[in-house]
file input25.cif (mmCIF, C-alpha atoms)
data_work
#
loop_
_atom_site.group_PDB
_atom_site.id
_atom_site.type_symbol
_atom_site.label_atom_id
_atom_site.label_comp_id
_atom_site.auth_asym_id
_atom_site.auth_seq_id
_atom_site.Cartn_x
_atom_site.Cartn_y
_atom_site.Cartn_z
ATOM 1 C CA ARG G 294 -48.757 -36.385 -8.753
ATOM 2 C CA SER G 295 -47.810 -33.533 -6.503
ATOM 3 C CA SER G 296 -50.005 -34.785 -3.659
ATOM 4 C CA ASP G 297 -47.943 -38.004 -3.549
ATOM 5 C CA LEU G 298 -44.814 -35.955 -2.840
ATOM 6 C CA ASP G 299 -46.378 -33.820 -0.090
ATOM 7 C CA VAL G 300 -44.773 -36.049 2.546
ATOM 8 C CA LEU G 301 -41.375 -34.597 1.531
ATOM 9 C CA CYS G 302 -42.457 -30.964 1.922
ATOM 10 C CA GLY G 303 -40.880 -29.094 4.800
ATOM 11 C CA ILE G 304 -38.581 -31.890 6.012
ATOM 12 C CA GLY G 305 -35.283 -30.578 4.608
ATOM 13 C CA ILE G 306 -34.214 -32.631 1.611
ATOM 14 C CA LYS G 307 -30.414 -32.838 1.271
ATOM 15 C CA LYS G 308 -30.172 -34.961 -1.887
ATOM 16 C CA VAL G 309 -32.362 -36.711 -4.436
ATOM 17 C CA ALA G 310 -31.108 -39.530 -6.675
ATOM 18 C CA CYS G 311 -33.037 -41.268 -9.435
ATOM 19 C CA GLY G 312 -32.696 -44.756 -10.835
ATOM 20 C CA THR G 313 -34.442 -46.311 -13.816
ATOM 21 C CA GLN G 314 -37.892 -46.655 -12.200
ATOM 22 C CA PHE G 315 -37.434 -45.354 -8.659
ATOM 23 C CA SER G 316 -36.195 -42.344 -6.687
ATOM 24 C CA VAL G 317 -34.439 -41.915 -3.343
ATOM 25 C CA ALA G 318 -34.476 -38.792 -1.163
ATOM 26 C CA LEU G 319 -32.086 -38.137 1.721
ATOM 27 C CA THR G 320 -33.115 -35.668 4.412
ATOM 28 C CA LYS G 321 -30.768 -33.356 6.301
ATOM 29 C CA ASP G 322 -31.481 -35.362 9.449
ATOM 30 C CA GLY G 323 -30.222 -38.585 7.858
ATOM 31 C CA HIS G 324 -33.486 -40.287 6.893
ATOM 32 C CA VAL G 325 -34.003 -42.078 3.580
ATOM 33 C CA TYR G 326 -37.284 -41.972 1.644
ATOM 34 C CA THR G 327 -37.911 -44.015 -1.498
ATOM 35 C CA PHE G 328 -40.654 -44.335 -4.091
ATOM 36 C CA GLY G 329 -41.126 -46.047 -7.432
ATOM 37 C CA GLN G 330 -40.977 -49.660 -8.577
ATOM 38 C CA ASP G 331 -41.749 -51.740 -5.482
ATOM 39 C CA ARG G 332 -38.892 -54.242 -5.792
ATOM 40 C CA LEU G 333 -36.286 -51.441 -5.819
ATOM 41 C CA ILE G 334 -37.338 -49.117 -2.992
ATOM 42 C CA GLY G 335 -35.921 -50.955 0.013
ATOM 43 C CA LEU G 336 -39.236 -51.812 1.650
ATOM 44 C CA PRO G 337 -40.394 -55.240 2.803
ATOM 45 C CA GLU G 338 -42.916 -56.880 0.493
ATOM 46 C CA GLY G 339 -45.951 -56.017 2.626
ATOM 47 C CA ARG G 340 -44.985 -52.317 2.940
ATOM 48 C CA ALA G 341 -44.472 -51.626 -0.771
ATOM 49 C CA ARG G 342 -48.152 -51.130 -1.641
ATOM 50 C CA ASN G 343 -48.160 -47.310 -1.913
ATOM 51 C CA HIS G 344 -44.929 -47.283 -3.855
ATOM 52 C CA ASN G 345 -45.686 -43.991 -5.657
ATOM 53 C CA ARG G 346 -45.760 -42.118 -2.335
ATOM 54 C CA PRO G 347 -42.363 -41.560 -0.649
ATOM 55 C CA GLN G 348 -41.913 -43.816 2.366
ATOM 56 C CA GLN G 349 -39.162 -43.920 4.931
ATOM 57 C CA VAL G 350 -36.982 -47.041 4.626
ATOM 58 C CA PRO G 351 -37.631 -48.948 7.888
ATOM 59 C CA VAL G 352 -34.352 -50.922 7.992
ATOM 60 C CA LEU G 353 -32.422 -47.640 8.110
ATOM 61 C CA LEU G 354 -34.411 -46.098 10.984
ATOM 62 C CA GLY G 355 -32.040 -45.238 13.819
ATOM 63 C CA ILE G 356 -29.035 -45.036 11.458
ATOM 64 C CA PHE G 357 -27.908 -41.570 10.390
ATOM 65 C CA ILE G 358 -27.348 -41.722 6.631
ATOM 66 C CA ASP G 359 -24.836 -39.179 5.267
ATOM 67 C CA ASP G 360 -25.080 -39.944 1.557
ATOM 68 C CA ILE G 361 -26.916 -41.982 -1.049
ATOM 69 C CA ALA G 362 -25.931 -43.187 -4.517
ATOM 70 C CA VAL G 363 -28.168 -44.800 -7.105
ATOM 71 C CA GLY G 364 -27.424 -47.009 -10.102
ATOM 72 C CA ALA G 365 -29.934 -48.120 -12.712
ATOM 73 C CA GLU G 366 -31.665 -50.509 -10.304
ATOM 74 C CA HIS G 367 -29.686 -50.447 -7.054
ATOM 75 C CA THR G 368 -29.070 -48.079 -4.159
ATOM 76 C CA LEU G 369 -26.198 -47.470 -1.752
ATOM 77 C CA ALA G 370 -26.500 -45.609 1.536
ATOM 78 C CA LEU G 371 -23.489 -44.397 3.542
ATOM 79 C CA SER G 372 -23.952 -44.022 7.287
ATOM 80 C CA SER G 373 -22.248 -41.436 9.478
ATOM 81 C CA THR G 374 -20.115 -44.254 10.926
ATOM 82 C CA GLY G 375 -18.804 -45.270 7.490
ATOM 83 C CA ASP G 376 -21.015 -48.325 7.001
ATOM 84 C CA VAL G 377 -22.451 -48.955 3.541
ATOM 85 C CA TYR G 378 -25.929 -50.407 3.028
ATOM 86 C CA ALA G 379 -26.979 -51.742 -0.374
ATOM 87 C CA TRP G 380 -30.176 -53.020 -1.987
ATOM 88 C CA GLY G 381 -31.863 -53.629 -5.324
ATOM 89 C CA SER G 382 -30.709 -55.427 -8.448
ATOM 90 C CA ASN G 383 -27.500 -57.384 -7.966
ATOM 91 C CA SER G 384 -27.116 -59.239 -11.274
ATOM 92 C CA GLU G 385 -23.460 -58.170 -11.621
ATOM 93 C CA GLY G 386 -22.642 -58.334 -7.897
ATOM 94 C CA GLN G 387 -22.851 -54.524 -7.718
ATOM 95 C CA LEU G 388 -24.091 -54.620 -4.122
ATOM 96 C CA GLY G 389 -20.782 -56.058 -2.910
ATOM 97 C CA LEU G 390 -22.451 -58.771 -0.857
ATOM 98 C CA GLY G 391 -20.633 -61.793 -2.299
ATOM 99 C CA HIS G 392 -23.577 -63.086 -4.361
ATOM 100 C CA THR G 393 -25.732 -62.016 -7.309
ATOM 101 C CA ASN G 394 -29.231 -62.373 -5.822
ATOM 102 C CA HIS G 395 -31.681 -59.458 -5.857
ATOM 103 C CA VAL G 396 -31.842 -57.794 -2.408
ATOM 104 C CA ARG G 397 -35.159 -56.212 -1.459
ATOM 105 C CA GLU G 398 -34.141 -54.348 1.734
ATOM 106 C CA PRO G 399 -30.982 -52.467 2.740
ATOM 107 C CA THR G 400 -28.249 -54.882 3.762
ATOM 108 C CA LEU G 401 -24.982 -54.016 5.473
ATOM 109 C CA THR G 402 -22.025 -54.514 3.127
ATOM 110 C CA THR G 403 -19.830 -56.296 5.669
ATOM 111 C CA THR G 404 -16.761 -56.436 3.383
ATOM 112 C CA LEU G 405 -16.511 -52.630 3.725
ATOM 113 C CA GLN G 406 -16.869 -52.507 7.512
ATOM 114 C CA GLY G 407 -13.918 -50.904 9.259
ATOM 115 C CA LYS G 408 -12.549 -49.461 6.000
ATOM 116 C CA SER G 409 -13.278 -45.780 6.839
ATOM 117 C CA ILE G 410 -15.562 -45.309 3.838
ATOM 118 C CA ARG G 411 -16.024 -41.595 3.094
ATOM 119 C CA GLN G 412 -17.784 -41.548 -0.282
ATOM 120 C CA ILE G 413 -19.929 -43.841 -2.433
ATOM 121 C CA SER G 414 -20.837 -43.872 -6.094
ATOM 122 C CA ALA G 415 -23.011 -46.070 -8.290
ATOM 123 C CA GLY G 416 -23.162 -46.623 -12.024
ATOM 124 C CA ARG G 417 -25.601 -48.617 -14.111
ATOM 125 C CA CYS G 418 -24.430 -52.015 -12.814
ATOM 126 C CA HIS G 419 -21.447 -51.170 -10.608
ATOM 127 C CA SER G 420 -20.616 -49.471 -7.343
ATOM 128 C CA ALA G 421 -17.563 -47.810 -5.821
ATOM 129 C CA ALA G 422 -16.584 -46.795 -2.308
ATOM 130 C CA TRP G 423 -13.781 -44.397 -1.419
ATOM 131 C CA SER G 424 -11.943 -44.753 1.862
ATOM 132 C CA ALA G 425 -9.559 -42.495 3.718
ATOM 133 C CA PRO G 426 -7.768 -42.899 7.010
ATOM 134 C CA PRO G 427 -9.346 -40.974 9.856
ATOM 135 C CA VAL G 428 -7.850 -37.551 10.553
ATOM 136 C CA PRO G 429 -5.777 -37.748 13.749
ATOM 137 C CA PRO G 430 -7.217 -35.819 16.678
ATOM 138 C CA ARG G 431 -5.622 -32.464 17.527
ATOM 139 C CA ALA G 432 -5.584 -30.468 20.675
ATOM 140 C CA PRO G 433 -8.116 -27.603 20.586
ATOM 141 C CA GLY G 434 -6.603 -24.448 19.122
ATOM 142 C CA VAL G 435 -3.635 -26.234 17.539
ATOM 143 C CA SER G 436 -3.519 -25.779 13.800
ATOM 144 C CA VAL G 437 -1.894 -28.559 11.820
ATOM 145 C CA PRO G 438 -2.016 -28.162 8.040
ATOM 146 C CA LEU G 439 -3.170 -31.183 6.069
ATOM 147 C CA GLN G 440 -1.135 -31.992 3.005
ATOM 148 C CA LEU G 441 -1.673 -33.990 -0.137
ATOM 149 C CA GLY G 442 1.244 -36.079 -1.262
ATOM 150 C CA LEU G 443 2.402 -38.937 -3.398
ATOM 151 C CA PRO G 444 2.702 -42.510 -2.147
ATOM 152 C CA ASP G 445 6.102 -44.114 -1.593
ATOM 153 C CA VAL G 446 5.481 -46.554 -4.439
ATOM 154 C CA ILE G 447 4.011 -45.255 -7.678
ATOM 155 C CA PRO G 448 2.346 -47.703 -10.100
ATOM 156 C CA PRO G 449 4.337 -47.997 -13.368
ATOM 157 C CA GLN G 450 1.559 -46.498 -15.511
ATOM 158 C CA TYR G 451 2.034 -43.245 -13.583
ATOM 159 C CA SER G 452 5.811 -43.069 -13.880
ATOM 160 C CA SER G 453 5.621 -39.449 -15.075
ATOM 161 C CA LEU G 454 4.683 -38.491 -11.507
ATOM 162 C CA LYS G 455 8.139 -39.532 -10.278
ATOM 163 C CA GLU G 456 9.689 -36.570 -12.049
ATOM 164 C CA ASP G 457 7.432 -34.163 -10.164
ATOM 165 C CA ARG G 458 8.253 -35.540 -6.701
ATOM 166 C CA LYS G 459 9.921 -33.284 -4.216
ATOM 167 C CA SER G 460 12.280 -34.796 -1.686
#

call {"tool": "encode", "arguments": {"input": "input25.cif", "output": "structure tokens"}}
result
Amino acid sequence: RSSDLDVLCGIGIKKVACGTQFSVALTKDGHVYTFGQDRLIGLPEGRARNHNRPQQVPVLLGIFIDDIAVGAEHTLALSSTGDVYAWGSNSEGQLGLGHTNHVREPTLTTTLQGKSIRQISAGRCHSAAWSAPPVPPRAPGVSVPLQLGLPDVIPPQYSSLKEDRKS
């Protein structure tokens, strides 16, 4: 019903992602709203009553969320500091928390802390996180071009890349 979604009007939605029976909306100011099946929307049991109306996820209040990714029944949220929060179905260990129990509210994925996570992705029952080293600081006004390159050691299945290397 359109009246259920009125809470999202005028607040600047950056991204919407949909799982099997739930949806997640990320605002431009880093807030996460969820609605749908109560066990998947990241709200404590007592707060999940109006699950068809978007509600802000309380555990993530005060954390600026840069991106969200949704699998069939789980959600990942990437903070501006590179922390990953995960919740929902965890039958295949897709939350990366070291167990396979369902997780009702967003939980910090501690195994990814300090890894400079820049991007997240979720599939039906799996998740992925992409990391990159931080860009070194530069003096204002100094232009230093960034370059892509090949690693020193190339895995054998990519041996054809060796021929394209420039010394």

call {"tool": "atom_distance", "arguments": {"input": "input25.cif", "atom1": "atom CA of Val352 of chain G", "atom2": "atom CA of Tyr378 of chain G"}}
result
9.8 Å

call {"tool": "closest_residue", "arguments": {"input": "input25.cif", "among": "G:Arg346, G:His419, G:Lys408, G:Arg431", "to": "Gln330 of chain G", "atoms": "all atoms listed in the file"}}
result
G:Arg346

call {"tool": "resolve_selection", "arguments": {"input": "input25.cif", "expression": "the PyMOL selection byres ((chain G and resi 301-317) around 8)", "output": "compact mmCIF listing (two decimals) with C-alpha atoms, in the coordinates of the input"}}
result
# COMPACT_ATOMS: atom_id res chain seq x y z
CA LEU G 298 -44.81 -35.96 -2.84
CA ASP G 299 -46.38 -33.82 -0.09
CA VAL G 300 -44.77 -36.05 2.55
CA ALA G 318 -34.48 -38.79 -1.16
CA LEU G 319 -32.09 -38.14 1.72
CA THR G 320 -33.12 -35.67 4.41
CA LYS G 321 -30.77 -33.36 6.30
CA ASP G 322 -31.48 -35.36 9.45
CA VAL G 325 -34.00 -42.08 3.58
CA TYR G 326 -37.28 -41.97 1.64
CA THR G 327 -37.91 -44.02 -1.50
CA PHE G 328 -40.65 -44.34 -4.09
CA GLY G 329 -41.13 -46.05 -7.43
CA GLN G 330 -40.98 -49.66 -8.58
CA LEU G 333 -36.29 -51.44 -5.82
CA ILE G 334 -37.34 -49.12 -2.99
CA PRO G 347 -42.36 -41.56 -0.65
CA ASP G 360 -25.08 -39.94 1.56
CA ILE G 361 -26.92 -41.98 -1.05
CA ALA G 362 -25.93 -43.19 -4.52
CA VAL G 363 -28.17 -44.80 -7.10
CA GLY G 364 -27.42 -47.01 -10.10
CA ALA G 365 -29.93 -48.12 -12.71
CA GLU G 366 -31.66 -50.51 -10.30
CA HIS G 367 -29.69 -50.45 -7.05

call {"tool": "closest_residue", "arguments": {"input": "input25.cif", "among": "G:Gln406, G:Pro430, G:Gly375, G:Thr368", "to": "Cys418 of chain G", "atoms": "all atoms listed in the file"}}
result
G:Thr368

call {"tool": "atom_distance", "arguments": {"input": "input25.cif", "atom1": "atom CA of Ser424 of chain G", "atom2": "atom CA of Leu388 of chain G"}}
result
16.8 Å

call {"tool": "resolve_selection", "arguments": {"input": "input25.cif", "expression": "the PyMOL selection byres ((chain G and resi 404) around 10)", "output": "list in words"}}
result
Asp376, Val377, Gly389, Leu390, Gly391, Leu401, Thr402, Thr403, Leu405, Gln406, Gly407 and Lys408 of chain G

call {"tool": "atom_distance", "arguments": {"input": "input25.cif", "atom1": "atom CA of Glu385 of chain G", "atom2": "atom CA of Ser409 of chain G"}}
result
24.5 Å

call {"tool": "closest_residue", "arguments": {"input": "input25.cif", "among": "G:Gly323, G:Ala422, G:Leu336, G:Ala432", "to": "Phe357 of chain G", "atoms": "only C-alpha atoms"}}
result
G:Gly323

call {"tool": "closest_residue", "arguments": {"input": "input25.cif", "among": "G:Gly386, G:Pro399, G:Gly381, G:Ile410", "to": "Ile356 of chain G", "atoms": "all atoms listed in the file"}}
result
G:Pro399

call {"tool": "closest_residue", "arguments": {"input": "input25.cif", "among": "G:Asn394, G:Gln349, G:Thr400, G:Asn383", "to": "Ser420 of chain G", "atoms": "all atoms listed in the file"}}
result
G:Asn383

call {"tool": "closest_residue", "arguments": {"input": "input25.cif", "among": "G:Asn345, G:Trp380, G:Leu371, G:Ala421", "to": "Glu398 of chain G", "atoms": "all atoms listed in the file"}}
result
G:Trp380

call {"tool": "decode", "arguments": {"input": "input25.cif", "residues": "segment 393-416 of chain G", "atoms": "N, CA and C atoms", "output": "PDB file, in the first residue's frame"}}
result
ATOM      1  N   THR G 393      26.208 -20.770  12.086  1.00  0.00           N
ATOM      2  CA  THR G 393      25.125 -20.852  11.097  1.00  0.00           C
ATOM      3  C   THR G 393      23.756 -20.574  11.719  1.00  0.00           C
ATOM      4  N   ASN G 394      23.727 -19.847  12.822  1.00  0.00           N
ATOM      5  CA  ASN G 394      22.459 -19.481  13.464  1.00  0.00           C
ATOM      6  C   ASN G 394      21.847 -18.255  12.790  1.00  0.00           C
ATOM      7  N   HIS G 395      20.513 -18.223  12.730  1.00  0.00           N
ATOM      8  CA  HIS G 395      19.805 -17.048  12.226  1.00  0.00           C
ATOM      9  C   HIS G 395      20.155 -15.853  13.121  1.00  0.00           C
ATOM     10  N   VAL G 396      20.316 -14.678  12.530  1.00  0.00           N
ATOM     11  CA  VAL G 396      20.668 -13.465  13.275  1.00  0.00           C
ATOM     12  C   VAL G 396      19.593 -12.421  12.994  1.00  0.00           C
ATOM     13  N   ARG G 397      18.879 -12.027  14.043  1.00  0.00           N
ATOM     14  CA  ARG G 397      17.732 -11.138  13.884  1.00  0.00           C
ATOM     15  C   ARG G 397      18.116  -9.672  13.660  1.00  0.00           C
ATOM     16  N   GLU G 398      19.179  -9.203  14.324  1.00  0.00           N
ATOM     17  CA  GLU G 398      19.570  -7.791  14.233  1.00  0.00           C
ATOM     18  C   GLU G 398      20.972  -7.658  13.653  1.00  0.00           C
ATOM     19  N   PRO G 399      21.280  -6.505  13.044  1.00  0.00           N
ATOM     20  CA  PRO G 399      22.610  -6.309  12.475  1.00  0.00           C
ATOM     21  C   PRO G 399      23.713  -6.578  13.498  1.00  0.00           C
ATOM     22  N   THR G 400      24.692  -7.356  13.049  1.00  0.00           N
ATOM     23  CA  THR G 400      25.814  -7.755  13.886  1.00  0.00           C
ATOM     24  C   THR G 400      27.102  -7.450  13.144  1.00  0.00           C
ATOM     25  N   LEU G 401      28.052  -6.843  13.845  1.00  0.00           N
ATOM     26  CA  LEU G 401      29.336  -6.514  13.246  1.00  0.00           C
ATOM     27  C   LEU G 401      30.072  -7.788  12.849  1.00  0.00           C
ATOM     28  N   THR G 402      30.520  -7.855  11.602  1.00  0.00           N
ATOM     29  CA  THR G 402      31.303  -8.988  11.123  1.00  0.00           C
ATOM     30  C   THR G 402      32.757  -8.718  11.494  1.00  0.00           C
ATOM     31  N   THR G 403      33.152  -9.195  12.667  1.00  0.00           N
ATOM     32  CA  THR G 403      34.468  -8.846  13.226  1.00  0.00           C
ATOM     33  C   THR G 403      35.630  -9.395  12.398  1.00  0.00           C
ATOM     34  N   THR G 404      35.422 -10.492  11.667  1.00  0.00           N
ATOM     35  CA  THR G 404      36.515 -11.047  10.852  1.00  0.00           C
ATOM     36  C   THR G 404      36.912 -10.102   9.715  1.00  0.00           C
ATOM     37  N   LEU G 405      36.056  -9.132   9.382  1.00  0.00           N
ATOM     38  CA  LEU G 405      36.378  -8.184   8.311  1.00  0.00           C
ATOM     39  C   LEU G 405      36.887  -6.844   8.835  1.00  0.00           C
ATOM     40  N   GLN G 406      36.910  -6.679  10.155  1.00  0.00           N
ATOM     41  CA  GLN G 406      37.378  -5.414  10.720  1.00  0.00           C
ATOM     42  C   GLN G 406      38.839  -5.175  10.362  1.00  0.00           C
ATOM     43  N   GLY G 407      39.149  -3.941  10.017  1.00  0.00           N
ATOM     44  CA  GLY G 407      40.525  -3.578   9.692  1.00  0.00           C
ATOM     45  C   GLY G 407      40.986  -4.043   8.319  1.00  0.00           C
ATOM     46  N   LYS G 408      40.081  -4.529   7.488  1.00  0.00           N
ATOM     47  CA  LYS G 408      40.448  -5.057   6.173  1.00  0.00           C
ATOM     48  C   LYS G 408      40.202  -4.045   5.046  1.00  0.00           C
ATOM     49  N   SER G 409      39.855  -2.818   5.375  1.00  0.00           N
ATOM     50  CA  SER G 409      39.598  -1.772   4.364  1.00  0.00           C
ATOM     51  C   SER G 409      38.571  -2.220   3.335  1.00  0.00           C
ATOM     52  N   ILE G 410      37.417  -2.683   3.817  1.00  0.00           N
ATOM     53  CA  ILE G 410      36.355  -3.135   2.924  1.00  0.00           C
ATOM     54  C   ILE G 410      35.786  -1.929   2.178  1.00  0.00           C
ATOM     55  N   ARG G 411      35.669  -2.061   0.849  1.00  0.00           N
ATOM     56  CA  ARG G 411      35.185  -0.971   0.008  1.00  0.00           C
ATOM     57  C   ARG G 411      33.866  -1.298  -0.689  1.00  0.00           C
ATOM     58  N   GLN G 412      33.565  -2.603  -0.831  1.00  0.00           N
ATOM     59  CA  GLN G 412      32.350  -2.980  -1.546  1.00  0.00           C
ATOM     60  C   GLN G 412      31.844  -4.314  -1.010  1.00  0.00           C
ATOM     61  N   ILE G 413      30.515  -4.473  -1.012  1.00  0.00           N
ATOM     62  CA  ILE G 413      29.893  -5.716  -0.560  1.00  0.00           C
ATOM     63  C   ILE G 413      28.933  -6.221  -1.629  1.00  0.00           C
ATOM     64  N   SER G 414      28.692  -7.517  -1.592  1.00  0.00           N
ATOM     65  CA  SER G 414      27.755  -8.120  -2.527  1.00  0.00           C
ATOM     66  C   SER G 414      27.148  -9.337  -1.841  1.00  0.00           C
ATOM     67  N   ALA G 415      25.913  -9.658  -2.212  1.00  0.00           N
ATOM     68  CA  ALA G 415      25.244 -10.816  -1.626  1.00  0.00           C
ATOM     69  C   ALA G 415      24.511 -11.582  -2.713  1.00  0.00           C
ATOM     70  N   GLY G 416      24.599 -12.890  -2.647  1.00  0.00           N
ATOM     71  CA  GLY G 416      23.847 -13.766  -3.529  1.00  0.00           C
ATOM     72  C   GLY G 416      22.781 -14.483  -2.724  1.00  0.00           C
TER      73      GLY G 416
END
